[in-house]
Amino acid sequence: MSNIERLTITLPTDMAAVVKAAVDEGDYASSSEVVREALREWKLRRVVQAQELAALKADIDKGLADVAAGRVRKFDTAKIVERGRKLLAKH
């Protein structure tokens, strides 16, 4: 790590205890390593959430385009329930 910036963070007691325990148990060499790992996971989760949101938006746009183009069917609840029961019966 060529560029390092020192930060001071404040954690609730229970979170601080988890960090200290991870270091004491030898899972990490320092509290900084625990925090860096947590931040890497947080960044990855945000990327995945952004991808999932983009996919959801694309699905919504596709659905709206289908509605606008008249590619829709009447919503038949009974048919959907019956199909679900048939699928459940197979398992």
# chains A, B, ... in the order shown; residues from 1 in each chain; ligands from 1

call {"tool": "select_by_dssp", "arguments": {"residues": "chain A", "states": "alpha helix (DSSP H)", "output": "ChimeraX atom specification"}}
result
/A:13-24,31-68,77-89

call {"tool": "residues_around", "arguments": {"residues": "stretch 11-13 of chain A", "least_positions_apart": "6", "cutoff": "12 Å", "atoms": "only C-alpha atoms", "output": "ChimeraX atom specification"}}
result
/A:19-20,31,35

call {"tool": "atom_distance", "arguments": {"atom1": "atom CA of A:Ser32", "atom2": "atom CA of A:Asp14"}}
result
16.8 Å

call {"tool": "atom_distance", "arguments": {"atom1": "atom CA of A:Tyr28", "atom2": "atom CA of A:Val48"}}
result
25.6 Å

call {"tool": "closest_residue", "arguments": {"among": "A:Arg73, A:Leu44, A:Val34, A:Leu64", "to": "A:Val18", "atoms": "only C-alpha atoms"}}
result
A:Val34

call {"tool": "atom_distance", "arguments": {"atom1": "atom CA of A:Glu33", "atom2": "atom CA of A:Arg6"}}
result
12.9 Å
